[in-house]
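Novice: Please see the structure below; I have some questions.
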Amino acid sequence: MNYLIRFYLYDDPSRQNVRQLGSDYWTKKPPKFIYGLPYRLEPEEFGPIGAPYQVYVLANPVLIKPLLDRASPGRKRLLVNVFLARLEEWGWFEEAQEVKLKEQKGRVQVSKANG
């Protein structure tokens, strides 16, 4: 499986404006990014993405979409959108809406199981 990783940086805590960081990055290894954890995008692995030594936080759950290849329809490829915030700005961000919804859904399921 091939993965096309596309990094985005939020311009502010509203999560309304993003800009792409660097170029798209192809890999055969599945990406392992976890919401809320810090990452440094090392040039040896990802090329010149973002500022050197900048630490980013995964600010939204990763979005994965299939990529269609008309030349090779059987080829499996995925687009992985990774949304980041600068570590020094992370404290201004509210919890991502997708995470809030997942937590609420989990509480409802637990309540039904206990009720």
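Chain labels follow the order of the structure tokens: the first chain is A, the next B, and so on; residue numbering restarts at 1 in every chain, and ligands are counted from 1 in their shown order.
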Could you pull out the strand (DSSP E or B) residues of chain A, going by DSSP on the backbone, and write them as an NGL selection string?

Specialist: :A and (2-10 or 18-27 or 38-40 or 55-58 or 63-67 or 77-86)

Novice: Could you pull the residues within 10 Å of region 52-56 of chain A, counting only C-alpha atoms, minus those fewer than 2 positions along the same chain, as a list of chain:residue names?

Specialist: A:Leu9, A:Gly36, A:Leu37, A:Pro38, A:Tyr39, A:Arg40, A:Leu41, A:Glu42, A:Pro43, A:Pro48, A:Ile49, A:Gly50, A:Leu58, A:Ala59, A:Phe83, A:Leu84, A:Ala85, A:Arg86, A:Leu87, A:Glu88, A:Glu89, A:Trp90

Novice: Where does DSSP see helix (DSSP H, G or I) in region 6-94 of chain A, if you list the residues as an MDAnalysis selection string?

Specialist: chainID A and resid 43:46 87:92

Novice: Just checking: using only C-alpha atoms, which residue out of A:Leu79, A:Ala96, A:Leu101, A:Leu63 ends up closest to Arg15 (chain A)?

Specialist: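 Answer, going by the shortest atom-to-atom distance: A:Ala96.
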